[in-house]
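**Q** Structure below; questions to follow.
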Amino acid sequence: MTSVRLTTAQALVRWMAALRVETPEGARPLFGGVFAIFGHGNVAGLGEALHAQREQLPTYRAHSEQGMAHAAIAYAKAHFRRRMMAVTTSIGPGATNLVTAAAVAHVNRLPVLLLPGDVFVSRAPDPVLQQVEDFGDATISANDCFRPVSRYFDRIVHPLQLLSALPNALRVLTDPAQCGPVTLALPQDVQAMAADYPQAFFAERIVRFPRVGVDDDEVARVAGAVRDARQPLIVAGGGVLYGQATAALQAFAERHGVPVAETQAGKGSLPWNHPLQMGAIGVTGAPGANELARDADLVLAVGTRLGDFTTGSQALFSRGARIVGINVNAFDAAKGRFVAGGATALHADAAIGLARLSVALDGWHGDAAWQARARDRATQWRERVAAITGRREPPRGSLPYDGEVIGAVQRSAADSPAGDIVVNAGGTLPGELHKLWRTAMPGGYHMEYGYSCMGYEIAGGLGVKMARPDREVIVMVGDGSYMMLNAEIATSVMLGCKLIVVVQDNRGFGCINRLQQACGGAPFNNLLADCVQGPLGAPRIDFAAHAAAMGARAEHVASIPELEAALARARASDRTYLVSIDTDPQRVTEDGGCWWDVAVPEVSERAPVRAARADYERDLRARDA
């Protein structure tokens with residue numbers, strides 16, 4: 001067998017560079033590149049290896065470890081998990097800065113290869129700079145923080161260990177059910193060690209993504225559970241998009257007369273103007289979608305993990321409804337403990353499962369009255385969205401709110417033939433965008449809401465733009481999230497990856513301020529005005545000046561008409577363009593929504609808290625009845 005002598009780092013990078021995946025444009029590298037911030041734990045080993053392969057596997061420098069990992073995750077999400085990136089850091093804070101991003105990828109079932117540097121296996125220079133020492137276990141390092149937020153974890157302690165570790169890593173990264181972050185901890189001495197590797201290990205090859213099929217008996221069993229339903233509702237989750245099942249979903253809905261509601265991850269599964277498109281469901285849901293969810297006798301949960309925002313903390317669906325879960329992950333398919341009898345699971349890829357179930361249900365469809373009701377509610381909601389987002393000025397005496405800003409952004413897209421991609425993650429905006437953003441294509445709505453990670457937005461937008469350079473990427477972000485993580489604006493300028501960033505400045509954490517008061521709490525420590533302040537008071541932050549200092553073009557506007565004009569300039573810009581606008585921290589879209597379980601203190605000296613507790617106990621009784 002022909003062999004080649006390589007260091008561990010060289011072998012790892014050469015293996016990554018050899019992997020290909022079929023796309024509509026032909027074969028492309030599976031790994032779109034490696035984000036790297038070098039330090040003493042990776043610059044000598046991985047740095048040298050990446051330099052040698054820089055033409056085949058580009059290396060991108062970012063400005064924050066967490067930010068570059070968010071960008072890598074967003075890149076994979078924008079590719080519907082068919083392409084991905086790797087991320088490497090030094091040991092110590094460089095590594096642990098990745099942990100939050102690893103949790104984002106873990107919760108959202110998104111692939112990313114994390115390659116943090118680690119301490120010396122030899123322990124000769126023990127303890128090294130940045131080493132975390134465990135007094136009772138010498139095998140522990142900072143990288144062990146990744147274990148609970150990785151789908152697969154390995155510490156490479158010998159060069160030839162790669163021959164088993166890398167195939168295992170690839171298996172998890174491409175598995176439809178187990179997909180998520182893979183962490184390969186790389187001790188810095190092992191990175192530099194050499195071994196003889198089989199030349200065939202580095203041969204170029206096409207990576208295949210398996211699909212989960214289903215047997216006839218299981219389809220027949222599930223079809224039998226569905227046939228008695230007269231008021232069915234589909235809940236479309238992210239698995240519809242990742243499973244490339246949007247056509248199968250639309251065909252099923254139309255053939256059987258089943259209205260469709262979408263989770264945050266599933267938004268875009270059905271075009272916004274389809275007659276059976278009910279819109280968002282759950283806590284951030286549209287009125288018609290939630291009305292049908294309460295009355296449905298069958299909930300067909302396709303590619304969703306049925307989180308608490310989707311189910312209204314398990315209070316939204318009727319206890320008498322039947323849940324049928326179609327999911328590649330058996331753990332998710334069986335969820336349904338909030339209804340009598342639990343869930344009926346169809347363990348299958350969304351496209352295969354829907355197609356096979358549709359054949360087995362030949363002749364079955366929702367009642368005509370149910371379909372007519374769904375179409376009526378869908379039409380009403382589209383008209384209401386048009387009214388909200390079409391408003392160009394707020395009520396007299398108030399600032400614009402996020403719904404009106406969203407409308408301006410949507411109107412600015414009229415001449416964007418490829419279609420915009422909106423990116424967001426945390427705060428007030430997920431609720432407003434889930435209800436109000438209109439997209440006719442899969443991937444036009446990019447929301448990280450599984451982990452709801454504030455700070456994801458700008459870095460995520462960078463990853464989306466790298467994946468979809470032909471699309472206009474609109475990052476909508478609140479001032480609170482912007483302040484948490486914004487450095488990748490500079491990276492976007494450096495890489496020529498233009499973003500349009502719209503900052504809604506409500507002077508603090510407006511979403512949590514409203515939640516605090518809804519639970520009886522006094523406004524406290526959320527809006528800047530309610531925080532402890534020194535003699536100079538709260539800062540007035542000039543977001544436009546800040547973005548300009550990082551190389552972007554930027555401006556602040558005072559009204560919705562000014563925002564529309566600024567967005568036209570942003571679209572014409574040759575680089576990242578930030579527009580900031582002051583927004584109202586109190587106003588929200590009141591339409592829709594449902595109860596969400598947020599525990600209120602049993603004991604308090606404050607009357608508003610006691611009143612909120614009484615309401616909370618009433619709602620718990622209603623849910624558990």
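Convention: chains lettered A, B, ... in structure tokens order; per-chain residue numbering from 1; ligands numbered from 1 as shown.
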Name the residues in contact with Val477 in chain A at a cut-off of 10 Å, using only C-alpha atoms, excluding same-chain residues fewer than 3 positions from it; report them as a list of chain:residue names.
**A**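 Counting only C-alpha atoms, the residues come to A:Val423, A:Asn424, A:Ala425, A:Gly426, A:Gly427, A:Thr428, A:Leu429, A:Pro430, A:Met454, A:Gly455, A:Tyr456, A:Glu457, A:Ile458, A:Ile474, A:Gly480, A:Ser481, A:Tyr482, A:Met483, A:Val501, A:Val502, A:Val503, A:Gln504, A:Asp505, A:Ser580.
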**Q** Quick one: residues within 12 Å of Phe146 in chain A, only C-alpha atoms counted, chain neighbours fewer than 6 positions away excluded, as a ChimeraX atom specification?
**A** /A:95-103,105-106,113-116,140,152-155,181-185
**Q** At most 9 Å is the cut-off: for each residue in range 229-254 of chain A with any atom that close to an atom of range 293-316 of chain A, write down the nearest atom pair and the distance in Å rounded to one decimal, counting only C-alpha atoms, chain first then increasing number, as a Markdown table.
**A**
```
| residue | atom | partner | partner_atom | distance |
| --- | --- | --- | --- | --- |
| A:Ala229 | CA | A:Leu298 | CA | 5.9 |
| A:Arg230 | CA | A:Asp297 | CA | 6.9 |
| A:Gln231 | CA | A:Ala296 | CA | 5.0 |
| A:Pro232 | CA | A:Leu298 | CA | 4.6 |
| A:Leu233 | CA | A:Val299 | CA | 5.0 |
| A:Ile234 | CA | A:Leu300 | CA | 4.6 |
| A:Val235 | CA | A:Ala301 | CA | 4.8 |
| A:Ala236 | CA | A:Val302 | CA | 5.1 |
| A:Gly237 | CA | A:Thr304 | CA | 4.2 |
| A:Gly238 | CA | A:Gly303 | CA | 5.8 |
| A:Gly239 | CA | A:Gly303 | CA | 3.8 |
| A:Val240 | CA | A:Gly303 | CA | 5.5 |
| A:Leu241 | CA | A:Gly303 | CA | 8.5 |
| A:Tyr242 | CA | A:Gly303 | CA | 8.7 |
| A:Gly243 | CA | A:Gly303 | CA | 8.3 |
| A:Leu249 | CA | A:Val302 | CA | 8.9 |
```
**Q** Out of A:Trp370, A:Val405, A:Gln244, A:Val473, which residue has the shortest atom-to-atom distance to Gly419 in chain A when counting only C-alpha atoms?
**A**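 Distance minimum relative to Gly419 in chain A lands on A:Val473.
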**Q** With only C-alpha atoms as the counted atoms, please give the residues lying no more than 12 Å from range 18-22 of chain A, apart from itself and same-chain residues fewer than 3 positions off, as a count of residues only.
**A** 38
**Q** Per residue of range 66-177 of chain A within 10 Å of range 58-61 of chain A, record the nearest atom pair and its distance in Å to one decimal, counting only C-alpha atoms, with rows in chain order and ascending residue number, as a Markdown table.
**A**
```
| residue | atom | partner | partner_atom | distance |
| --- | --- | --- | --- | --- |
| A:Met68 | CA | A:Arg61 | CA | 8.3 |
| A:Ala86 | CA | A:Thr59 | CA | 9.5 |
| A:Val87 | CA | A:Tyr60 | CA | 9.4 |
| A:Thr88 | CA | A:Thr59 | CA | 9.9 |
```
**Q** Would you write out those residues with all heavy atoms, as a short mmCIF file (atom, residue, chain, number, x, y, z; two decimals), in the first residue's frame?
**A**
```
data_model
loop_
_atom_site.label_atom_id
_atom_site.label_comp_id
_atom_site.auth_asym_id
_atom_site.auth_seq_id
_atom_site.Cartn_x
_atom_site.Cartn_y
_atom_site.Cartn_z
N MET A 68 -16.86 33.72 14.38
CA MET A 68 -16.52 32.93 13.20
C MET A 68 -17.22 31.56 13.24
O MET A 68 -17.58 31.02 12.19
CB MET A 68 -15.00 32.78 13.06
CG MET A 68 -14.29 31.95 14.09
SD MET A 68 -12.49 31.99 13.77
CE MET A 68 -11.91 30.82 15.01
N ALA A 86 -15.17 24.41 8.76
CA ALA A 86 -14.46 24.07 9.99
C ALA A 86 -13.98 25.35 10.66
O ALA A 86 -13.89 26.41 10.03
CB ALA A 86 -13.28 23.15 9.69
N VAL A 87 -13.67 25.23 11.95
CA VAL A 87 -13.23 26.37 12.75
C VAL A 87 -12.09 25.91 13.63
O VAL A 87 -12.18 24.86 14.29
CB VAL A 87 -14.39 26.89 13.63
CG1 VAL A 87 -13.91 28.02 14.53
CG2 VAL A 87 -15.57 27.35 12.79
N THR A 88 -11.00 26.67 13.66
CA THR A 88 -9.89 26.31 14.53
C THR A 88 -9.47 27.49 15.40
O THR A 88 -9.50 28.64 14.97
CB THR A 88 -8.67 25.78 13.74
OG1 THR A 88 -7.63 25.44 14.66
CG2 THR A 88 -8.16 26.81 12.75
#
```
**Q** When you count only C-alpha atoms, which of these residues is closest to Arg375 in chain A: A:Pro125, A:Gly282, A:Gly257, A:Gly407?
**A**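 The answer is A:Gly257, which sits nearest to Arg375 in chain A.
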**Q** I'd like the interatomic distance between CA of Leu270 in chain A and CA of Ala220 in chain A, to a tenth of an Å.
**A**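 Distance between the two atoms: 26.3 Å.
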**Q** Quick check for you: according to DSSP on this backbone, which residues of range 484-533 of chain A are classed as strand (DSSP E or B)? Reply as a ChimeraX atom specification.
**A** /A:500-505,508,527
**Q** Name all residues at most 10 Å from Asp215 in chain A (count only C-alpha atoms; drop same-chain ones fewer than 3 positions away) and give them as a PyMOL selection string.
**A** chain A and resi 218-220+346-348+353+356
**Q** Given the choices A:Gln66, A:Thr284, A:Asn108, A:Thr263, which gets closest to Ile37 in chain A if the distance is worked out from only C-alpha atoms?
**A** A:Gln66
**Q** Enumerate the residues of range 470-592 of chain A with a DSSP assignment of alpha helix (DSSP H), computed from the backbone, and present them as a ChimeraX atom specification.
**A** /A:479-484,488-495,510-518,543-549,560-572
**Q** Could you tell me how far CA of Asn526 in chain A sits from CA of Glu562 in chain A, in Å to one decimal place?
**A** 28.3 Å
**Q** Give me, as a ChimeraX atom specification, all polymer residues having an atom no more than 8 Å from range 608-620 of chain A, counting only C-alpha atoms and skipping those fewer than 6 positions away in the same chain.
**A** /A:518-521,599-602
**Q** Could the residues in this selection be saved with C-alpha atoms as a short mmCIF file (atom, residue, chain, number, x, y, z; two decimals), in the first residue's frame?
**A**
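File produced: again_37.cif:
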```cif
data_model
loop_
_atom_site.label_atom_id
_atom_site.label_comp_id
_atom_site.auth_asym_id
_atom_site.auth_seq_id
_atom_site.Cartn_x
_atom_site.Cartn_y
_atom_site.Cartn_z
CA ALA A 518 -45.92 40.88 32.10
CA CYS A 519 -44.73 38.73 35.01
CA GLY A 520 -45.50 41.53 37.45
CA GLY A 521 -41.97 42.78 37.71
CA ALA A 599 -42.63 30.82 36.03
CA VAL A 600 -43.78 33.68 38.28
CA PRO A 601 -42.62 33.83 41.94
CA GLU A 602 -45.01 32.19 44.43
#
```
**Q** Find the spatial neighbours of Val493 in chain A, counting only C-alpha atoms, within a cut-off of 9 Å - ignore same-chain residues fewer than 5 positions away - and output them as a PyMOL selection string.
**A** chain A and resi 488+498-499+550-552+575-576
**Q** Store the residues picked out above in a file with N, CA, C and O atoms, as an mmCIF file, in the first residue's frame.
**A**
```cif
data_model
loop_
_atom_site.group_PDB
_atom_site.id
_atom_site.type_symbol
_atom_site.label_atom_id
_atom_site.label_comp_id
_atom_site.auth_asym_id
_atom_site.auth_seq_id
_atom_site.Cartn_x
_atom_site.Cartn_y
_atom_site.Cartn_z
ATOM 1 N N GLU A 488 -17.727 41.080 13.274
ATOM 2 C CA GLU A 488 -17.642 40.495 11.932
ATOM 3 C C GLU A 488 -18.149 41.449 10.851
ATOM 4 O O GLU A 488 -18.102 41.117 9.661
ATOM 5 N N LYS A 498 -20.753 41.651 1.217
ATOM 6 C CA LYS A 498 -21.606 42.775 1.573
ATOM 7 C C LYS A 498 -22.866 42.334 2.305
ATOM 8 O O LYS A 498 -23.581 41.441 1.861
ATOM 9 N N LEU A 499 -23.131 42.987 3.422
ATOM 10 C CA LEU A 499 -24.365 42.805 4.182
ATOM 11 C C LEU A 499 -25.098 44.138 4.243
ATOM 12 O O LEU A 499 -24.483 45.197 4.172
ATOM 13 N N MET A 550 -15.424 50.510 11.364
ATOM 14 C CA MET A 550 -14.958 49.182 10.951
ATOM 15 C C MET A 550 -14.925 49.017 9.437
ATOM 16 O O MET A 550 -14.743 47.914 8.931
ATOM 17 N N GLY A 551 -15.124 50.100 8.709
ATOM 18 C CA GLY A 551 -14.986 50.062 7.265
ATOM 19 C C GLY A 551 -16.275 49.986 6.489
ATOM 20 O O GLY A 551 -16.256 49.973 5.251
ATOM 21 N N ALA A 552 -17.412 49.899 7.183
ATOM 22 C CA ALA A 552 -18.701 49.842 6.498
ATOM 23 C C ALA A 552 -19.165 51.247 6.149
ATOM 24 O O ALA A 552 -18.687 52.246 6.696
ATOM 25 N N ARG A 575 -20.304 47.718 -0.523
ATOM 26 C CA ARG A 575 -19.803 47.084 0.693
ATOM 27 C C ARG A 575 -20.899 47.057 1.752
ATOM 28 O O ARG A 575 -21.981 47.620 1.558
ATOM 29 N N THR A 576 -20.588 46.424 2.868
ATOM 30 C CA THR A 576 -21.545 46.349 3.981
ATOM 31 C C THR A 576 -22.029 47.740 4.348
ATOM 32 O O THR A 576 -21.242 48.694 4.445
#
```
**Q** Given the choices A:Gln371, A:Gln188, A:Ser358, A:Thr439, which gets closest to Asn273 in chain A if the distance is worked out from only C-alpha atoms?
**A**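 Of A:Gln371, A:Gln188, A:Ser358, A:Thr439, the one nearest Asn273 in chain A, counting only C-alpha atoms, is A:Thr439.
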**Q** Rounded to one decimal in Å, what is the spacing between CA of Val34 in chain A and CA of Ala49 in chain A?
**A**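 A separation of 11.7 Å between them.
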